[in-house]
>>> print(open('start.cif').read())   # mmCIF, C-alpha atoms
data_input
loop_
_atom_site.label_atom_id
_atom_site.label_comp_id
_atom_site.auth_asym_id
_atom_site.auth_seq_id
_atom_site.Cartn_x
_atom_site.Cartn_y
_atom_site.Cartn_z
CA MET O 1 -7.88 -10.67 4.80
CA LEU O 2 -6.18 -10.91 8.15
CA GLY O 3 -3.41 -8.45 9.01
CA LYS O 4 -0.60 -11.00 8.69
CA GLN O 5 -1.94 -12.05 5.29
CA HIS O 6 -1.90 -8.43 4.15
CA ILE O 7 1.71 -8.04 5.26
CA LEU O 8 2.70 -11.26 3.49
CA VAL O 9 1.02 -10.40 0.18
CA THR O 10 2.14 -6.75 0.25
CA SER O 11 5.74 -7.89 0.87
CA PHE O 12 5.62 -9.87 -2.38
CA PHE O 13 3.84 -7.03 -4.17
CA LEU O 14 6.73 -4.85 -3.02
CA ILE O 15 9.12 -7.06 -5.01
CA ALA O 16 7.08 -6.23 -8.13
CA TYR O 17 6.92 -2.52 -7.24
CA LEU O 18 10.69 -2.33 -6.70
CA SER O 19 11.29 -4.14 -10.00
CA ILE O 20 9.18 -1.49 -11.75
CA LEU O 21 11.13 1.29 -10.03
CA ILE O 22 14.57 -0.18 -10.66
CA PHE O 23 14.07 -1.21 -14.27
CA SER O 24 11.51 1.35 -15.52
CA TYR O 25 11.93 4.48 -13.40
CA PHE O 26 15.72 4.37 -13.47
CA ASN O 27 15.65 3.47 -17.17
CA THR O 28 17.87 0.39 -17.09
CA THR O 29 18.20 -2.20 -19.85
CA VAL O 30 18.39 -5.95 -19.37
CA VAL O 31 20.78 -7.54 -21.84
CA SER O 32 20.43 -11.06 -20.46
CA ILE O 33 19.06 -12.89 -17.44
CA SER O 34 22.51 -12.87 -15.87
CA SER O 35 22.60 -9.06 -16.05
CA ILE O 36 19.50 -8.57 -13.88
CA PHE O 37 21.21 -8.95 -10.50
CA PRO O 38 24.22 -6.72 -11.33
CA ILE O 39 21.75 -4.03 -12.45
CA ILE O 40 19.79 -4.36 -9.21
CA ILE O 41 22.96 -4.11 -7.11
CA SER O 42 24.13 -1.06 -9.07
CA VAL O 43 20.82 0.83 -8.83
CA VAL O 44 20.22 -0.04 -5.17
CA SER O 45 23.75 1.01 -4.15
CA LYS O 46 23.20 4.44 -5.72
CA ASN O 47 19.59 4.97 -4.64
CA TYR O 48 19.26 2.88 -1.49
CA ILE O 49 17.72 5.67 0.63
CA PHE O 50 15.14 6.41 -2.07
CA LEU O 51 14.18 2.73 -2.42
CA LEU O 52 14.31 2.10 1.32
CA LEU O 53 11.90 4.93 2.13
CA PHE O 54 9.50 3.71 -0.55
CA SER O 55 9.68 0.16 0.84
CA VAL O 56 9.12 1.31 4.42
CA GLY O 57 6.13 3.38 3.30
CA VAL O 58 4.60 0.39 1.51
CA LEU O 59 5.11 -2.07 4.36
CA ILE O 60 3.96 0.10 7.26
CA SER O 61 0.82 0.98 5.30
CA ALA O 62 0.01 -2.65 4.44
CA THR O 63 -2.51 -2.81 7.31
CA ALA O 64 -3.33 0.92 7.50
CA PRO O 65 -6.93 0.71 6.19
CA ASP O 66 -7.79 -1.57 9.10
CA ILE O 67 -7.29 1.20 11.64
CA ASP O 68 -11.03 1.75 11.25
CA ILE O 69 -11.49 -1.20 13.62
CA SER O 70 -10.37 -1.03 17.25
CA SER O 71 -8.81 -4.51 17.14
CA ASN O 72 -5.98 -3.40 14.87
CA ILE O 73 -3.25 -3.22 17.52
CA LYS O 74 -0.87 -5.86 16.19
CA GLY O 75 2.10 -5.34 13.90
CA ILE O 76 3.98 -2.09 14.26
CA LYS O 77 2.17 -0.84 17.36
CA ALA O 78 3.65 2.67 17.46
CA TRP O 79 2.76 3.27 13.80
CA ASN O 80 -0.74 1.84 14.23
CA LYS O 81 -1.36 4.09 17.23
CA LEU O 82 -0.08 7.14 15.35
CA THR O 83 -2.18 6.53 12.25
CA ARG O 84 -5.20 5.55 14.33
CA PHE O 85 -4.92 8.85 16.20
CA GLY O 86 -5.06 10.59 12.83
CA TYR O 87 -8.06 8.50 11.83
CA ILE O 88 -9.93 9.24 15.07
CA LEU O 89 -9.19 12.97 14.66
CA LEU O 90 -10.43 12.86 11.08
CA LYS O 91 -13.48 10.83 12.09
CA SER O 92 -14.45 13.26 14.83
CA THR O 93 -14.32 16.24 12.46
CA MET O 94 -15.77 14.61 9.32
CA ARG O 95 -18.80 13.22 11.19
CA ILE O 96 -20.22 16.72 11.03
CA VAL O 97 -20.89 16.29 7.30
CA LEU O 98 -20.76 12.50 6.84
CA PRO O 99 -23.13 9.85 8.26
CA LYS O 100 -21.93 7.52 11.01
CA GLN O 101 -22.00 4.40 8.83
CA ASP O 102 -19.35 5.86 6.54
CA PHE O 103 -16.81 5.24 9.30
CA GLU O 104 -17.69 1.62 9.87
CA HIS O 105 -15.23 -1.07 8.80
CA ARG O 106 -14.74 -1.31 5.02
CA HIS O 107 -16.66 1.84 4.20
CA LEU O 108 -15.12 5.28 3.71
CA TYR O 109 -11.61 4.40 4.86
CA HIS O 110 -11.52 1.34 2.58
CA SER O 111 -11.83 3.43 -0.60
CA PHE O 112 -9.99 5.84 -2.86
CA VAL O 113 -11.22 8.67 -0.62
CA GLY O 114 -9.76 6.86 2.39
CA MET O 115 -6.44 6.48 0.58
CA ILE O 116 -6.34 10.22 -0.14
CA MET O 117 -7.25 11.07 3.46
CA TYR O 118 -4.58 8.71 4.78
CA SER O 119 -1.94 10.17 2.44
CA ILE O 120 -2.80 13.71 3.58
CA ILE O 121 -2.49 12.69 7.25
CA ILE O 122 0.89 11.04 6.67
CA LEU O 123 2.00 13.98 4.52
CA ALA O 124 1.21 16.43 7.33
CA ILE O 125 2.99 14.27 9.92
CA SER O 126 6.03 13.81 7.64
CA PHE O 127 6.33 17.52 6.84
CA CYS O 128 6.13 18.45 10.51
CA LEU O 129 8.79 15.92 11.50
CA PHE O 130 11.04 16.66 8.53
CA GLY O 131 10.62 20.41 8.94
CA GLY O 132 11.67 20.14 12.59
CA TYR O 133 14.65 17.99 11.59
CA THR O 134 15.90 20.54 9.03
CA LEU O 135 15.61 23.34 11.59
CA ILE O 136 17.65 21.33 14.14
CA VAL O 137 20.36 20.54 11.57
CA ALA O 138 20.49 24.18 10.46
CA PHE O 139 20.74 25.36 14.08
CA ILE O 140 23.62 22.96 14.80
CA ASN O 141 25.48 24.29 11.77
CA ASN O 142 24.79 27.97 12.49
CA GLN O 143 24.60 28.04 16.29
CA ALA O 144 22.28 31.02 16.06
CA ILE O 145 18.62 31.71 15.37
CA ASN O 146 18.53 34.18 12.48
CA MET O 147 17.48 34.48 8.85
CA ALA O 148 20.54 32.51 7.74
CA LEU O 149 19.35 29.58 9.84
CA LEU O 150 15.89 29.68 8.27
CA HIS O 151 17.39 30.02 4.80
CA ASN O 152 19.71 27.05 5.32
CA ALA O 153 16.84 25.01 6.73
CA TYR O 154 14.77 25.86 3.67
CA LEU O 155 17.59 24.83 1.30
CA LEU O 156 18.04 21.57 3.19
CA PHE O 157 14.29 20.98 3.08
CA ILE O 158 14.17 21.52 -0.70
CA LYS O 159 17.23 19.33 -1.25
CA TYR O 160 15.73 16.32 0.47
CA ILE O 161 12.02 16.85 -0.24
CA GLN O 162 12.15 14.03 -2.79
CA TYR O 163 12.64 11.58 0.07
CA VAL O 164 9.46 12.77 1.77
CA GLU O 165 7.63 12.50 -1.54
CA ILE O 166 8.74 8.93 -2.26
CA PHE O 167 7.83 7.93 1.31
CA ILE O 168 4.30 9.33 0.87
CA ILE O 169 3.98 7.55 -2.47
CA GLY O 170 5.06 4.32 -0.77
CA CYS O 171 2.40 4.84 1.92
CA ALA O 172 -0.29 5.39 -0.71
CA VAL O 173 0.85 2.33 -2.67
CA GLY O 174 0.81 0.19 0.48
CA PHE O 175 -2.68 1.44 1.34
CA PHE O 176 -3.95 0.73 -2.18
CA SER O 177 -2.37 -2.73 -2.10
CA HIS O 178 -4.47 -3.48 0.98
CA LEU O 179 -7.62 -2.54 -0.93
CA LEU O 180 -6.66 -4.77 -3.85
CA GLU O 181 -6.05 -7.66 -1.48
CA ASP O 182 -9.38 -7.17 0.29
CA SER O 183 -11.15 -7.06 -3.07
CA ILE O 184 -10.86 -10.83 -3.51
CA THR O 185 -12.86 -11.52 -0.33
CA VAL O 186 -16.65 -11.97 -0.30
CA SER O 187 -17.09 -8.64 1.51
CA GLY O 188 -15.17 -6.88 -1.23
CA ILE O 189 -14.39 -3.19 -1.52
CA ASP O 190 -16.58 -0.24 -2.51
CA TYR O 191 -13.94 2.04 -4.02
CA PHE O 192 -16.37 4.96 -4.41
CA PRO O 193 -18.68 4.96 -1.35
CA GLY O 194 -21.60 7.35 -1.63
CA ILE O 195 -21.18 7.55 -5.40
CA THR O 196 -21.88 3.96 -6.41
CA LYS O 197 -23.58 1.06 -4.67
CA LYS O 198 -21.28 -1.51 -6.23
CA ARG O 199 -18.33 -3.35 -4.79
CA LEU O 200 -15.47 -5.33 -6.26
CA ALA O 201 -15.58 -8.71 -4.53
CA GLY O 202 -14.19 -12.22 -4.88
CA LYS O 203 -14.97 -15.65 -3.45
CA PHE O 204 -12.70 -15.93 -0.42
CA ILE O 205 -13.81 -15.76 3.20
CA THR O 206 -11.65 -14.26 5.94
CA VAL O 207 -11.26 -16.74 8.79
CA GLY O 208 -8.67 -17.63 11.42
CA LYS O 209 -6.47 -20.72 11.68
CA ASN O 210 -9.37 -22.96 12.67
CA GLY O 211 -11.28 -22.05 9.51
CA ILE O 212 -14.48 -21.30 11.42
CA TYR O 213 -16.68 -18.50 10.06
CA LYS O 214 -19.37 -16.97 12.24
CA LYS O 215 -22.46 -15.76 10.39
CA MET O 216 -24.59 -12.77 11.34
CA ASP O 217 -27.19 -15.04 12.92
CA GLY O 218 -24.57 -16.57 15.21
CA THR O 219 -24.25 -19.91 13.45
CA GLN O 220 -20.78 -21.18 12.61
CA ILE O 221 -19.56 -22.99 9.52
CA LYS O 222 -16.29 -24.69 8.61
CA VAL O 223 -14.78 -23.03 5.54
CA ASN O 224 -12.97 -25.17 2.98
CA TYR O 225 -9.27 -24.23 2.75
CA PHE O 226 -9.61 -23.31 -0.91
CA LYS O 227 -12.27 -20.74 -0.04
CA ARG O 228 -10.28 -19.08 2.75
CA SER O 229 -8.56 -15.73 2.33
CA GLN O 230 -5.29 -17.48 3.18
CA PHE O 231 -5.50 -19.45 -0.06
CA GLY O 232 -6.43 -16.26 -1.91
CA ALA O 233 -3.32 -14.61 -0.47
CA TRP O 234 -1.14 -17.39 -1.89
CA LEU O 235 -2.81 -17.03 -5.28
CA ASP O 236 -1.95 -13.30 -5.33
CA ILE O 237 1.64 -14.18 -4.40
CA VAL O 238 1.80 -16.54 -7.38
CA TYR O 239 0.72 -13.60 -9.56
CA VAL O 240 3.86 -11.70 -8.57
CA PHE O 241 6.02 -14.40 -10.13
CA VAL O 242 3.83 -14.48 -13.26
CA PHE O 243 4.13 -10.70 -13.52
CA LEU O 244 7.92 -10.70 -13.10
CA PHE O 245 8.30 -13.35 -15.81
CA LEU O 246 6.18 -11.35 -18.29
CA PHE O 247 7.76 -8.07 -17.14
CA PHE O 248 11.18 -9.21 -18.34
CA TYR O 249 10.13 -11.62 -21.10
CA LEU O 250 7.97 -9.02 -22.86
CA GLY O 251 10.37 -6.19 -22.09
CA ILE O 252 7.76 -4.15 -20.20
CA TYR O 253 10.62 -2.48 -18.31
CA LEU O 254 11.58 -0.70 -21.53
CA PHE O 255 8.40 1.37 -21.34
CA SER O 256 7.68 4.12 -18.83
CA ILE O 257 6.95 3.49 -15.17
CA LEU O 258 3.31 4.42 -15.88
CA TYR O 259 2.88 1.66 -18.46
CA ALA O 260 4.70 -0.84 -16.27
CA SER O 261 2.46 0.03 -13.30
CA LEU O 262 -0.69 -0.25 -15.41
CA PHE O 263 0.52 -3.60 -16.67
CA PHE O 264 0.85 -4.81 -13.08
CA LEU O 265 -2.56 -3.46 -12.03
CA VAL O 266 -4.57 -4.58 -15.08
CA GLY O 267 -2.81 -7.95 -15.02
CA LEU O 268 -3.68 -8.42 -11.34
CA LEU O 269 -7.34 -7.57 -11.91
CA LEU O 270 -7.61 -10.01 -14.84
CA TYR O 271 -5.77 -12.66 -12.85
CA ASP O 272 -8.15 -12.19 -9.89
CA VAL O 273 -11.17 -12.42 -12.19
CA VAL O 274 -10.00 -15.83 -13.40
CA PHE O 275 -8.58 -17.33 -10.21
CA CYS O 276 -10.25 -15.41 -7.36
CA GLY O 277 -13.78 -14.98 -8.71
CA LEU O 278 -13.41 -11.18 -8.80
CA LYS O 279 -16.52 -9.43 -10.08
CA ILE O 280 -18.66 -6.34 -9.56
CA LYS O 281 -21.46 -7.05 -7.10
CA PRO O 282 -24.24 -4.93 -5.54
CA TYR O 283 -23.33 -3.53 -2.13
#
>>> encode(input="start.cif", output="structure tokens")
Amino acid sequence: MLGKQHILVTSFFLIAYLSILIFSYFNTTVVSISSIFPIIISVVSKNYIFLLLFSVGVLISATAPDIDISSNIKGIKAWNKLTRFGYILLKSTMRIVLPKQDFEHRHLYHSFVGMIMYSIIILAISFCLFGGYTLIVAFINNQAINMALLHNAYLLFIKYIQYVEIFIIGCAVGFFSHLLEDSITVSGIDYFPGITKKRLAGKFITVGKNGIYKKMDGTQIKVNYFKRSQFGAWLDIVYVFVFLFLFFYLGIYLFSILYASLFFLVGLLLYDVVFCGLKIKPY
């Protein structure tokens, strides 16, 4: 998919993710349809920082896997440059033990391993920034560099560590959403590169507005709208509404956040098999 398509689909996926958090994680009960919005307002007003950090993590990571191509400079430029710096640093060190082709587009970084590497990079950056912030706040309150300052900084760090954690989770979820979205394209995704030679792929072709696809031999073909990744993106957006209907109609929110999340994931995969031609193909 194109970057803007990833952002669009992930934004709708975020609605589903937030619904799971609000109604499953915070253990709320829906009495009637009319009670849904008051519940949302109540939970958001009490946990807005928590939900906001998760949302920001998801959205800024919606195009993160594509930092393995040099053309990914659109969107949030500062964030792209920061994460790309981390990717280049990782690439330069990991090339010692990994072959060059693992760092080509849609290889290592478009996989579960890539998601873990990305999360570690963001975790390190977040801890450094947050650690510096807690030291500054502690210094302002103490006006002296001593053990009391370090102790207060540590207490502040522990108190708000949950916000760093939910942000990292949001980044990982946004990254994984990108992989799911790319899975419905003909190129597909190899989630376990080096372990298997299979990819999860669909029937849609990634093309621009003009719908022209350039083959490896240089020839160009006009792609039917219903075979473009843009149409696949809209199909995945439709799934969000199907999921939300079943989520409340079947009372999935009454179960744990794990079951609700699995319901979303398994449902999406089955939906993509039926409507997006998703299947396991040789790499």
>>> resolve_selection(input="start.cif", expression="the PyMOL selection byres ((chain O and resi 201) around 12)", output="PyMOL selection string")
chain O and resi 179-191+198-200+202-205+269+272-273+276-283
>>> write_last_selection(input="start.cif", atoms="C-alpha atoms", output="compact mmCIF listing (two decimals), in the frame of the given file")
# COMPACT_ATOMS: atom_id res chain seq x y z
CA LEU O 179 -7.62 -2.54 -0.93
CA LEU O 180 -6.66 -4.77 -3.85
CA GLU O 181 -6.05 -7.66 -1.48
CA ASP O 182 -9.38 -7.17 0.29
CA SER O 183 -11.15 -7.06 -3.07
CA ILE O 184 -10.86 -10.83 -3.51
CA THR O 185 -12.86 -11.52 -0.33
CA VAL O 186 -16.65 -11.97 -0.30
CA SER O 187 -17.09 -8.64 1.51
CA GLY O 188 -15.17 -6.88 -1.23
CA ILE O 189 -14.39 -3.19 -1.52
CA ASP O 190 -16.58 -0.24 -2.51
CA TYR O 191 -13.94 2.04 -4.02
CA LYS O 198 -21.28 -1.51 -6.23
CA ARG O 199 -18.33 -3.35 -4.79
CA LEU O 200 -15.47 -5.33 -6.26
CA GLY O 202 -14.19 -12.22 -4.88
CA LYS O 203 -14.97 -15.65 -3.45
CA PHE O 204 -12.70 -15.93 -0.42
CA ILE O 205 -13.81 -15.76 3.20
CA LEU O 269 -7.34 -7.57 -11.91
CA ASP O 272 -8.15 -12.19 -9.89
CA VAL O 273 -11.17 -12.42 -12.19
CA CYS O 276 -10.25 -15.41 -7.36
CA GLY O 277 -13.78 -14.98 -8.71
CA LEU O 278 -13.41 -11.18 -8.80
CA LYS O 279 -16.52 -9.43 -10.08
CA ILE O 280 -18.66 -6.34 -9.56
CA LYS O 281 -21.46 -7.05 -7.10
CA PRO O 282 -24.24 -4.93 -5.54
CA TYR O 283 -23.33 -3.53 -2.13
>>> resolve_selection(input="start.cif", expression="the PyMOL selection byres ((chain O and resi 254) around 10)", output="list in words")
Phe23, Ser24, Tyr25, Asn27, Thr28, Thr29, Val30, Phe247, Phe248, Leu250, Gly251, Ile252, Tyr253, Phe255, Ser256, Ile257, Tyr259 and Ala260 of chain O
>>> atom_distance(input="start.cif", atom1="CA of Leu156 in chain O", atom2="CA of Gly131 in chain O")
9.5 Å
>>> resolve_selection(input="start.cif", expression="the PyMOL selection byres ((chain O and resi 162-171) around 10)", output="ChimeraX atom specification")
/O:14,17,49-62,64,115,118-123,126-127,130,157-161,172-177
>>> write_last_selection(input="start.cif", atoms="C-alpha atoms", output="PDB file, keeping the file's coordinate frame")
ATOM      1  CA  LEU O  14       6.730  -4.850  -3.020  1.00  0.00           C
ATOM      2  CA  TYR O  17       6.920  -2.520  -7.240  1.00  0.00           C
ATOM      3  CA  ILE O  49      17.720   5.670   0.630  1.00  0.00           C
ATOM      4  CA  PHE O  50      15.140   6.410  -2.070  1.00  0.00           C
ATOM      5  CA  LEU O  51      14.180   2.730  -2.420  1.00  0.00           C
ATOM      6  CA  LEU O  52      14.310   2.100   1.320  1.00  0.00           C
ATOM      7  CA  LEU O  53      11.900   4.930   2.130  1.00  0.00           C
ATOM      8  CA  PHE O  54       9.500   3.710  -0.550  1.00  0.00           C
ATOM      9  CA  SER O  55       9.680   0.160   0.840  1.00  0.00           C
ATOM     10  CA  VAL O  56       9.120   1.310   4.420  1.00  0.00           C
ATOM     11  CA  GLY O  57       6.130   3.380   3.300  1.00  0.00           C
ATOM     12  CA  VAL O  58       4.600   0.390   1.510  1.00  0.00           C
ATOM     13  CA  LEU O  59       5.110  -2.070   4.360  1.00  0.00           C
ATOM     14  CA  ILE O  60       3.960   0.100   7.260  1.00  0.00           C
ATOM     15  CA  SER O  61       0.820   0.980   5.300  1.00  0.00           C
ATOM     16  CA  ALA O  62       0.010  -2.650   4.440  1.00  0.00           C
ATOM     17  CA  ALA O  64      -3.330   0.920   7.500  1.00  0.00           C
ATOM     18  CA  MET O 115      -6.440   6.480   0.580  1.00  0.00           C
ATOM     19  CA  TYR O 118      -4.580   8.710   4.780  1.00  0.00           C
ATOM     20  CA  SER O 119      -1.940  10.170   2.440  1.00  0.00           C
ATOM     21  CA  ILE O 120      -2.800  13.710   3.580  1.00  0.00           C
ATOM     22  CA  ILE O 121      -2.490  12.690   7.250  1.00  0.00           C
ATOM     23  CA  ILE O 122       0.890  11.040   6.670  1.00  0.00           C
ATOM     24  CA  LEU O 123       2.000  13.980   4.520  1.00  0.00           C
ATOM     25  CA  SER O 126       6.030  13.810   7.640  1.00  0.00           C
ATOM     26  CA  PHE O 127       6.330  17.520   6.840  1.00  0.00           C
ATOM     27  CA  PHE O 130      11.040  16.660   8.530  1.00  0.00           C
ATOM     28  CA  PHE O 157      14.290  20.980   3.080  1.00  0.00           C
ATOM     29  CA  ILE O 158      14.170  21.520  -0.700  1.00  0.00           C
ATOM     30  CA  LYS O 159      17.230  19.330  -1.250  1.00  0.00           C
ATOM     31  CA  TYR O 160      15.730  16.320   0.470  1.00  0.00           C
ATOM     32  CA  ILE O 161      12.020  16.850  -0.240  1.00  0.00           C
ATOM     33  CA  ALA O 172      -0.290   5.390  -0.710  1.00  0.00           C
ATOM     34  CA  VAL O 173       0.850   2.330  -2.670  1.00  0.00           C
ATOM     35  CA  GLY O 174       0.810   0.190   0.480  1.00  0.00           C
ATOM     36  CA  PHE O 175      -2.680   1.440   1.340  1.00  0.00           C
ATOM     37  CA  PHE O 176      -3.950   0.730  -2.180  1.00  0.00           C
ATOM     38  CA  SER O 177      -2.370  -2.730  -2.100  1.00  0.00           C
TER      39      SER O 177
END
>>> closest_residue(input="start.cif", among="O:Val9, O:Leu268, O:Val223, O:Val207", to="Val242 in chain O", atoms="all atoms listed in the file")
O:Leu268
>>> closest_residue(input="start.cif", among="O:Ile7, O:Leu235, O:Ile212, O:Val240", to="Ser19 in chain O", atoms="all atoms listed in the file")
O:Val240
>>> closest_residue(input="start.cif", among="O:Val44, O:Leu265, O:Lys214, O:Leu244", to="Ala16 in chain O", atoms="only C-alpha atoms")
O:Leu244
>>> axis_aligned_box(input="start.cif", around="range 268-271 of chain O", padding_each_side="6 Å", output="JSON")
{"center_x": -5.6, "center_y": -10.1, "center_z": -13.1, "size_x": 15.9, "size_y": 17.1, "size_z": 15.5}
>>> atom_distance(input="start.cif", atom1="CA of Thr206 in chain O", atom2="CA of Arg228 in chain O")
5.9 Å
>>> closest_residue(input="start.cif", among="O:Leu2, O:Ile20, O:Leu8, O:Ile136", to="Trp234 in chain O", atoms="only C-alpha atoms")
O:Leu8
>>> atom_distance(input="start.cif", atom1="CA of Gly211 in chain O", atom2="CA of Gly3 in chain O")
15.7 Å
>>> build_atoms(input="start.cif", residues="range 174-182 of chain O", atoms="all heavy atoms", output="PDB file, keeping the file's coordinate frame")
ATOM      1  N   GLY O 174       1.075   1.223  -0.502  1.00  0.00           N
ATOM      2  CA  GLY O 174       0.810   0.190   0.480  1.00  0.00           C
ATOM      3  C   GLY O 174      -0.661   0.154   0.866  1.00  0.00           C
ATOM      4  O   GLY O 174      -1.257  -0.919   1.019  1.00  0.00           O
ATOM      5  N   PHE O 175      -1.260   1.327   1.017  1.00  0.00           N
ATOM      6  CA  PHE O 175      -2.680   1.440   1.340  1.00  0.00           C
ATOM      7  C   PHE O 175      -3.524   0.847   0.217  1.00  0.00           C
ATOM      8  O   PHE O 175      -4.455   0.058   0.457  1.00  0.00           O
ATOM      9  CB  PHE O 175      -3.040   2.914   1.544  1.00  0.00           C
ATOM     10  CG  PHE O 175      -4.384   3.164   2.168  1.00  0.00           C
ATOM     11  CD1 PHE O 175      -4.484   3.522   3.502  1.00  0.00           C
ATOM     12  CD2 PHE O 175      -5.547   3.065   1.417  1.00  0.00           C
ATOM     13  CE1 PHE O 175      -5.732   3.770   4.085  1.00  0.00           C
ATOM     14  CE2 PHE O 175      -6.789   3.303   1.984  1.00  0.00           C
ATOM     15  CZ  PHE O 175      -6.882   3.659   3.327  1.00  0.00           C
ATOM     16  N   PHE O 176      -3.200   1.217  -1.027  1.00  0.00           N
ATOM     17  CA  PHE O 176      -3.950   0.730  -2.180  1.00  0.00           C
ATOM     18  C   PHE O 176      -3.781  -0.779  -2.353  1.00  0.00           C
ATOM     19  O   PHE O 176      -4.725  -1.477  -2.749  1.00  0.00           O
ATOM     20  CB  PHE O 176      -3.490   1.457  -3.439  1.00  0.00           C
ATOM     21  CG  PHE O 176      -4.268   1.098  -4.678  1.00  0.00           C
ATOM     22  CD1 PHE O 176      -5.645   1.214  -4.702  1.00  0.00           C
ATOM     23  CD2 PHE O 176      -3.620   0.637  -5.810  1.00  0.00           C
ATOM     24  CE1 PHE O 176      -6.376   0.878  -5.840  1.00  0.00           C
ATOM     25  CE2 PHE O 176      -4.332   0.292  -6.946  1.00  0.00           C
ATOM     26  CZ  PHE O 176      -5.716   0.422  -6.966  1.00  0.00           C
ATOM     27  N   SER O 177      -2.606  -1.294  -2.028  1.00  0.00           N
ATOM     28  CA  SER O 177      -2.370  -2.730  -2.100  1.00  0.00           C
ATOM     29  C   SER O 177      -3.317  -3.467  -1.163  1.00  0.00           C
ATOM     30  O   SER O 177      -3.844  -4.534  -1.499  1.00  0.00           O
ATOM     31  CB  SER O 177      -0.913  -3.053  -1.722  1.00  0.00           C
ATOM     32  OG  SER O 177      -0.014  -2.456  -2.622  1.00  0.00           O
ATOM     33  N   HIS O 178      -3.533  -2.894   0.016  1.00  0.00           N
ATOM     34  CA  HIS O 178      -4.470  -3.480   0.980  1.00  0.00           C
ATOM     35  C   HIS O 178      -5.871  -3.576   0.375  1.00  0.00           C
ATOM     36  O   HIS O 178      -6.558  -4.603   0.535  1.00  0.00           O
ATOM     37  CB  HIS O 178      -4.494  -2.616   2.242  1.00  0.00           C
ATOM     38  CG  HIS O 178      -5.373  -3.139   3.330  1.00  0.00           C
ATOM     39  ND1 HIS O 178      -4.875  -3.666   4.500  1.00  0.00           N
ATOM     40  CD2 HIS O 178      -6.735  -3.214   3.440  1.00  0.00           C
ATOM     41  CE1 HIS O 178      -5.875  -4.045   5.275  1.00  0.00           C
ATOM     42  NE2 HIS O 178      -7.020  -3.776   4.662  1.00  0.00           N
ATOM     43  N   LEU O 179      -6.298  -2.535  -0.313  1.00  0.00           N
ATOM     44  CA  LEU O 179      -7.620  -2.540  -0.930  1.00  0.00           C
ATOM     45  C   LEU O 179      -7.729  -3.613  -2.007  1.00  0.00           C
ATOM     46  O   LEU O 179      -8.736  -4.316  -2.107  1.00  0.00           O
ATOM     47  CB  LEU O 179      -7.939  -1.163  -1.541  1.00  0.00           C
ATOM     48  CG  LEU O 179      -7.912   0.039  -0.598  1.00  0.00           C
ATOM     49  CD1 LEU O 179      -8.392   1.286  -1.333  1.00  0.00           C
ATOM     50  CD2 LEU O 179      -8.766  -0.202   0.634  1.00  0.00           C
ATOM     51  N   LEU O 180      -6.680  -3.743  -2.809  1.00  0.00           N
ATOM     52  CA  LEU O 180      -6.660  -4.770  -3.850  1.00  0.00           C
ATOM     53  C   LEU O 180      -6.753  -6.165  -3.242  1.00  0.00           C
ATOM     54  O   LEU O 180      -7.451  -7.044  -3.759  1.00  0.00           O
ATOM     55  CB  LEU O 180      -5.387  -4.653  -4.692  1.00  0.00           C
ATOM     56  CG  LEU O 180      -5.264  -3.420  -5.589  1.00  0.00           C
ATOM     57  CD1 LEU O 180      -3.884  -3.381  -6.239  1.00  0.00           C
ATOM     58  CD2 LEU O 180      -6.351  -3.426  -6.661  1.00  0.00           C
ATOM     59  N   GLU O 181      -6.052  -6.353  -2.145  1.00  0.00           N
ATOM     60  CA  GLU O 181      -6.050  -7.660  -1.480  1.00  0.00           C
ATOM     61  C   GLU O 181      -7.409  -7.975  -0.872  1.00  0.00           C
ATOM     62  O   GLU O 181      -7.877  -9.119  -0.928  1.00  0.00           O
ATOM     63  CB  GLU O 181      -4.943  -7.684  -0.414  1.00  0.00           C
ATOM     64  CG  GLU O 181      -3.539  -7.608  -0.997  1.00  0.00           C
ATOM     65  CD  GLU O 181      -2.510  -7.006  -0.047  1.00  0.00           C
ATOM     66  OE1 GLU O 181      -2.784  -6.978   1.172  1.00  0.00           O
ATOM     67  OE2 GLU O 181      -1.456  -6.548  -0.516  1.00  0.00           O
ATOM     68  N   ASP O 182      -8.058  -6.976  -0.297  1.00  0.00           N
ATOM     69  CA  ASP O 182      -9.380  -7.170   0.290  1.00  0.00           C
ATOM     70  C   ASP O 182     -10.455  -7.376  -0.775  1.00  0.00           C
ATOM     71  O   ASP O 182     -11.538  -7.896  -0.487  1.00  0.00           O
ATOM     72  CB  ASP O 182      -9.769  -5.983   1.170  1.00  0.00           C
ATOM     73  CG  ASP O 182      -9.286  -6.152   2.611  1.00  0.00           C
ATOM     74  OD1 ASP O 182      -8.878  -7.273   2.971  1.00  0.00           O
ATOM     75  OD2 ASP O 182      -9.291  -5.159   3.355  1.00  0.00           O
TER      76      ASP O 182
END
